[in-house]
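Data file: data_22.tsv. Format and content: TSV, C-alpha atoms.
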```
chain	number	residue	atom	x	y	z
A	1	MET	CA	95.44	125.99	125.45
A	2	ALA	CA	97.53	125.23	122.34
A	3	ALA	CA	99.00	121.78	121.84
A	4	GLU	CA	102.76	121.50	122.17
A	5	LYS	CA	104.66	121.15	118.98
A	6	PRO	CA	106.53	117.80	118.91
A	7	ALA	CA	110.30	117.99	118.71
A	8	PRO	CA	111.81	116.79	115.42
A	9	VAL	CA	113.35	113.32	115.48
A	10	ARG	CA	117.03	113.22	114.74
A	11	VAL	CA	117.96	110.30	112.48
A	12	LEU	CA	121.50	108.96	112.24
A	13	TYR	CA	122.22	107.85	108.67
A	14	CYS	CA	124.92	105.30	107.86
A	15	GLY	CA	127.95	106.76	106.13
A	16	VAL	CA	128.38	103.59	104.01
A	17	CYS	CA	124.96	102.54	102.70
A	18	GLY	CA	122.96	105.74	103.40
A	19	LEU	CA	120.16	103.98	105.31
A	20	PRO	CA	119.19	104.94	108.86
A	21	ALA	CA	121.65	103.16	111.16
A	22	GLU	CA	119.01	100.82	112.63
A	23	TYR	CA	118.18	99.54	109.11
A	24	CYS	CA	121.76	98.74	108.05
A	25	GLU	CA	121.26	95.05	108.87
A	26	PHE	CA	118.78	94.85	105.97
A	27	SER	CA	121.29	96.31	103.52
A	28	PRO	CA	123.30	93.97	101.28
A	29	ASP	CA	126.38	95.99	102.41
A	30	PHE	CA	125.92	95.22	106.11
A	31	GLU	CA	129.41	93.69	106.38
A	32	ARG	CA	130.91	96.94	105.04
A	33	CYS	CA	128.70	99.01	107.39
A	34	LYS	CA	129.86	97.24	110.58
A	35	PRO	CA	133.12	99.22	111.10
A	36	TRP	CA	131.27	102.52	110.60
A	37	LEU	CA	128.52	101.42	113.00
A	38	ARG	CA	131.08	100.42	115.66
A	39	ALA	CA	132.69	103.86	115.46
A	40	ASN	CA	129.66	106.16	115.02
A	41	ALA	CA	126.60	104.31	116.37
A	42	PRO	CA	127.79	102.06	119.22
A	43	GLY	CA	124.38	101.77	120.92
A	44	VAL	CA	122.35	100.73	117.89
A	45	TYR	CA	123.50	97.09	117.52
A	46	PRO	CA	124.80	94.66	120.15
A	47	GLU	CA	128.56	94.15	119.91
A	48	GLU	CA	128.08	90.40	119.29
A	49	LEU	CA	126.25	91.11	116.03
A	50	LEU	CA	128.90	93.54	114.86
A	51	ALA	CA	131.72	91.16	115.85
A	52	SER	CA	130.21	88.10	114.11
A	53	SER	CA	131.32	89.28	110.66
A	54	SER	CA	134.02	86.63	110.31
A	55	SER	CA	131.98	83.70	111.65
A	56	ALA	CA	129.97	81.40	109.41
A	57	ALA	CA	126.80	82.20	111.36
A	58	GLY	CA	127.14	85.90	110.51
A	59	ALA	CA	127.59	85.08	106.83
A	60	ALA	CA	124.51	82.86	106.96
A	61	ASP	CA	122.50	85.72	108.51
A	62	VAL	CA	123.64	88.08	105.77
A	63	ASP	CA	122.70	85.48	103.14
A	64	LYS	CA	119.21	85.18	104.63
A	65	VAL	CA	118.76	88.94	104.56
A	66	GLY	CA	120.05	88.99	100.98
A	67	GLU	CA	117.52	86.34	99.92
A	68	ARG	CA	114.69	88.32	101.49
A	69	LEU	CA	115.78	91.43	99.63
A	70	GLN	CA	116.07	89.73	96.21
A	71	GLY	CA	112.61	90.84	95.08
A	72	PHE	CA	112.93	94.48	96.11
A	73	GLY	CA	114.30	97.38	94.13
A	74	ILE	CA	114.68	101.05	94.93
A	75	SER	CA	112.85	103.32	92.53
A	76	ALA	CA	114.40	106.58	91.46
A	77	ALA	CA	112.55	109.90	91.23
A	78	ASP	CA	111.73	109.28	87.56
A	79	GLY	CA	109.99	106.00	88.44
A	80	SER	CA	112.64	103.66	87.02
A	81	THR	CA	113.95	100.95	89.31
A	82	SER	CA	117.66	100.78	89.85
A	83	ALA	CA	117.79	97.16	90.98
A	84	GLY	CA	115.65	94.07	90.81
A	85	ASP	CA	113.89	94.80	87.50
A	86	ALA	CA	113.67	91.12	86.55
A	87	SER	CA	112.45	90.02	89.96
A	88	ALA	CA	109.90	92.86	90.05
A	89	SER	CA	108.38	91.66	86.78
A	90	LYS	CA	108.20	88.13	88.18
A	91	GLN	CA	106.34	89.43	91.21
A	92	GLU	CA	103.83	91.23	89.00
A	93	GLU	CA	103.00	87.93	87.27
A	94	VAL	CA	102.14	86.24	90.57
A	95	LYS	CA	98.80	87.47	91.88
A	96	ARG	CA	98.44	87.69	95.63
A	97	LEU	CA	95.13	87.24	97.42
A	98	PRO	CA	94.33	88.74	100.84
A	99	GLY	CA	96.27	86.87	103.50
A	100	GLY	CA	99.31	86.43	101.24
A	101	LYS	CA	98.00	83.40	99.37
A	102	VAL	CA	99.16	83.07	95.77
A	103	LYS	CA	96.40	83.04	93.19
A	104	LYS	CA	96.63	79.93	91.05
A	105	LYS	CA	96.81	80.38	87.33
A	106	ASP	CA	93.74	79.16	85.46
A	107	LYS	CA	94.23	75.83	83.72
A	108	GLN	CA	94.08	76.10	79.96
A	109	GLU	CA	90.86	74.22	79.30
A	110	VAL	CA	87.50	74.81	77.67
A	111	VAL	CA	84.51	73.70	79.71
A	112	ILE	CA	81.13	73.11	78.01
A	113	GLU	CA	78.02	72.82	80.14
A	114	LYS	CA	74.41	72.26	79.12
A	115	ILE	CA	71.87	74.03	81.34
A	116	VAL	CA	68.15	73.23	81.07
A	117	ARG	CA	65.81	76.11	81.90
A	118	ASN	CA	62.04	75.87	82.44
A	119	LYS	CA	62.17	72.10	81.71
A	120	ARG	CA	62.27	72.73	77.95
A	121	LYS	CA	64.66	75.50	76.99
A	122	CYS	CA	68.32	74.65	76.91
A	123	VAL	CA	71.44	76.85	77.01
A	124	THR	CA	74.97	75.65	76.23
A	125	VAL	CA	77.64	77.50	78.21
A	126	VAL	CA	81.22	77.67	76.87
A	127	LYS	CA	83.93	78.76	79.35
A	128	GLY	CA	87.68	79.14	78.95
A	129	LEU	CA	88.14	80.05	75.28
A	130	GLU	CA	89.86	83.31	76.27
A	131	LEU	CA	92.68	81.29	77.89
A	132	PHE	CA	93.72	80.21	74.38
A	133	GLY	CA	93.79	83.78	73.05
A	134	VAL	CA	90.32	83.64	71.49
A	135	LYS	CA	88.35	86.91	71.55
A	136	LEU	CA	84.99	85.99	73.12
A	137	SER	CA	82.92	88.51	71.14
A	138	ASP	CA	84.20	87.05	67.85
A	139	ALA	CA	83.70	83.50	69.11
A	140	SER	CA	80.07	84.18	70.11
A	141	LYS	CA	79.33	85.59	66.64
A	142	LYS	CA	80.86	82.55	64.95
A	143	LEU	CA	78.97	80.13	67.23
A	144	GLY	CA	75.67	81.95	66.63
A	145	LYS	CA	76.21	81.94	62.87
A	146	LYS	CA	77.28	78.28	62.68
A	147	PHE	CA	74.40	76.92	64.77
A	148	ALA	CA	71.82	79.52	63.63
A	149	THR	CA	70.98	80.56	67.17
A	150	GLY	CA	71.52	83.37	69.65
A	151	ALA	CA	74.92	83.59	71.34
A	152	SER	CA	76.22	86.22	73.73
A	153	VAL	CA	79.11	86.94	76.07
A	154	VAL	CA	77.93	87.17	79.69
A	155	LYS	CA	79.53	87.24	83.13
A	156	GLY	CA	79.14	83.93	84.92
A	157	PRO	CA	78.61	83.32	88.63
A	158	THR	CA	82.38	83.60	89.25
A	159	GLU	CA	82.53	87.03	87.50
A	160	LYS	CA	84.41	85.48	84.57
A	161	GLU	CA	83.12	85.98	81.05
A	162	GLN	CA	81.56	83.03	79.26
A	163	ILE	CA	79.55	82.43	76.10
A	164	ASP	CA	75.88	81.46	76.41
A	165	VAL	CA	74.49	79.79	73.28
A	166	GLN	CA	70.74	79.17	72.95
A	167	GLY	CA	69.87	75.50	72.43
A	168	ASP	CA	71.69	72.20	72.85
A	169	ILE	CA	74.72	72.34	70.55
A	170	SER	CA	76.99	70.09	72.61
A	171	TYR	CA	76.87	67.38	69.91
A	172	ASP	CA	78.82	69.43	67.31
A	173	ILE	CA	80.61	72.10	69.32
A	174	VAL	CA	83.86	70.19	70.00
A	175	GLU	CA	84.53	69.64	66.29
A	176	PHE	CA	83.62	73.26	65.52
A	177	ILE	CA	85.97	74.64	68.22
A	178	THR	CA	88.95	72.51	67.13
A	179	ASP	CA	88.39	73.36	63.43
A	180	THR	CA	87.86	77.10	63.97
A	181	TRP	CA	90.61	77.64	66.56
A	182	PRO	CA	93.50	75.21	65.97
A	183	ASP	CA	95.26	76.45	69.14
A	184	VAL	CA	92.58	74.70	71.21
A	185	PRO	CA	93.45	70.97	71.41
A	186	GLU	CA	90.64	68.45	71.78
A	187	SER	CA	92.32	67.12	74.93
A	188	ALA	CA	91.69	70.50	76.61
A	189	ILE	CA	87.91	70.42	76.05
A	190	PHE	CA	85.69	69.05	78.84
A	191	PHE	CA	81.96	68.56	79.38
A	192	ILE	CA	80.14	68.98	82.70
A	193	GLU	CA	77.88	65.97	83.15
A	194	ASP	CA	76.02	65.34	86.42
A	195	GLY	CA	78.31	67.82	88.17
A	196	ARG	CA	81.49	66.05	87.02
A	197	LYS	CA	84.06	67.16	84.46
A	198	VAL	CA	84.33	64.62	81.63
A	199	PRO	CA	86.90	64.84	78.81
A	200	ALA	CA	85.39	65.41	75.37
A	201	ALA	CA	87.97	63.21	73.61
```
Structure translated into structure tokens:
Amino acid sequence: MAAEKPAPVRVLYCGVCGLPAEYCEFSPDFERCKPWLRANAPGVYPEELLASSSSAAGAADVDKVGERLQGFGISAADGSTSAGDASASKQEEVKRLPGGKVKKKDKQEVVIEKIVRNKRKCVTVVKGLELFGVKLSDASKKLGKKFATGASVVKGPTEKEQIDVQGDISYDIVEFITDTWPDVPESAIFFIEDGRKVPAA
């Protein structure tokens, strides 16, 4: 037995804004749509909502809808947005995590941590140089050359890249960083000591 073919849904589009009639309230032209809706789609909205155009409450509702729509733009077939270009670029800057939480921007700071391995070997970890526009591969080469040791860019436990330098170079590294990369202020460099962040200055 063949399944029945569903009947097509007939959609009533607004003659003013072009949206389906039940979505007109989300249009910035809702006040202009109300007379058309009263005449052509009487059952879609309650009469109280259509009559409240002159009251202050109706204007406040329209303002709320307008604020919600500020960040949205309609894209044309060629991919260009016709409205909300500036607000769309602002939204791209803000990263959203699952659940709608906003991802905080990383603080501009360099964190230096000394890790002792096998009770003798020591590794100095430098994190955060990339936040100042420093290319990590170049920085690791310069650190390795300056301190005559091995240095490499690796992914840390938080999946962010960091520089691992063989040996304990924490005594000279602050001066080297501020001399080599003047964009990195000494006030933005911190050491991790006993699990606490301590300013280098």
- Message: I'd like the neighbourhood of A:Glu161 as JSON, numbers by chain, where a residue qualifies if any of its atoms comes within 10 Å (using all atoms listed in the file), though same-chain residues fewer than 2 positions away should be ignored.
- Response: {"A": [126, 127, 128, 129, 130, 136, 153, 154, 155, 156, 157, 158, 159, 163, 164]}
- Message: Show me, as a list of chain:residue names, the residues that have an atom within 12 Å of stretch 115-122 of chain A when counting all atoms listed in the file, minus same-chain residues fewer than 4 positions from it.
- Response: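 What passes the distance filter is A:Val126, A:Thr149, A:Gly150, A:Asp164, A:Val165, A:Gln166, A:Gly167, A:Asp168, A:Ile169, A:Ser170, A:Phe191, A:Ile192, A:Glu193, A:Asp194, A:Gly195.
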- Of the residues A:Glu47, A:Glu25, A:Asp179, A:Asp172, which is the one nearest to A:Ile112, using all atoms listed in the file?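 Of all the options, A:Asp172 lies closest to A:Ile112.
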Hey, could you pull the box centre and edge lengths for stretch 169-178 of chain A, axis-aligned, 5 Å padding per side, all listed atoms, to one decimal in Å, as AutoDock Vina command-line options?
```
--center_x 81.8 --center_y 71.0 --center_z 69.1 --size_x 24.2 --size_y 17.3 --size_z 17.1
```
- Query: What does the distance from atom CA of A:Ser27 to atom CA of A:Ala7 come to in Å, to one decimal?
  - Reply: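 These two atoms are separated by 28.7 Å.
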- From the list A:Lys5, A:Lys114, A:Arg32, A:Arg38, which residue is nearest A:Tyr171 when using all atoms listed in the file?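 Comparing A:Lys5, A:Lys114, A:Arg32, A:Arg38 against A:Tyr171, the winner is A:Lys114.
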- Within 9 Å of stretch 33-37 of chain A, counting only C-alpha atoms, which residues qualify if same-chain residues fewer than 4 places away don't, as a ChimeraX atom specification? /A:14-17,21,24-25,27,29,41-45,49-51,53
Same residues, C-alpha atoms, output as a CSV table (one decimal), in the frame of the given file:
```
chain,number,residue,atom,x,y,z
A,14,CYS,CA,124.9,105.3,107.9
A,15,GLY,CA,128.0,106.8,106.1
A,16,VAL,CA,128.4,103.6,104.0
A,17,CYS,CA,125.0,102.5,102.7
A,21,ALA,CA,121.6,103.2,111.2
A,24,CYS,CA,121.8,98.7,108.0
A,25,GLU,CA,121.3,95.0,108.9
A,27,SER,CA,121.3,96.3,103.5
A,29,ASP,CA,126.4,96.0,102.4
A,41,ALA,CA,126.6,104.3,116.4
A,42,PRO,CA,127.8,102.1,119.2
A,43,GLY,CA,124.4,101.8,120.9
A,44,VAL,CA,122.4,100.7,117.9
A,45,TYR,CA,123.5,97.1,117.5
A,49,LEU,CA,126.2,91.1,116.0
A,50,LEU,CA,128.9,93.5,114.9
A,51,ALA,CA,131.7,91.2,115.8
A,53,SER,CA,131.3,89.3,110.7
```
- Item | Close residues, A:Glu109 itself excluded, 9 Å, all atoms listed in the file, min 5 positions apart in chain, as a count of residues only | 11
- Message: Between atom CA of A:Gln108 and atom CA of A:Ala148, what is the distance in Å, rounded to a tenth?
- Response: 27.8 Å
- Between atom CA of A:Pro8 and atom CA of A:Ala39, distance in Å (one decimal):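 Value for the atom CA of A:Pro8-atom CA of A:Ala39 distance: 24.6 Å.
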- Give the answer as one residue: which of A:Ser152, A:Val110, A:Lys160, A:Val125 has the shortest atom-to-atom distance to A:Ser137, using only C-alpha atoms?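 Looking only at the distances to A:Ser137, the closest residue turns out to be A:Ser152.
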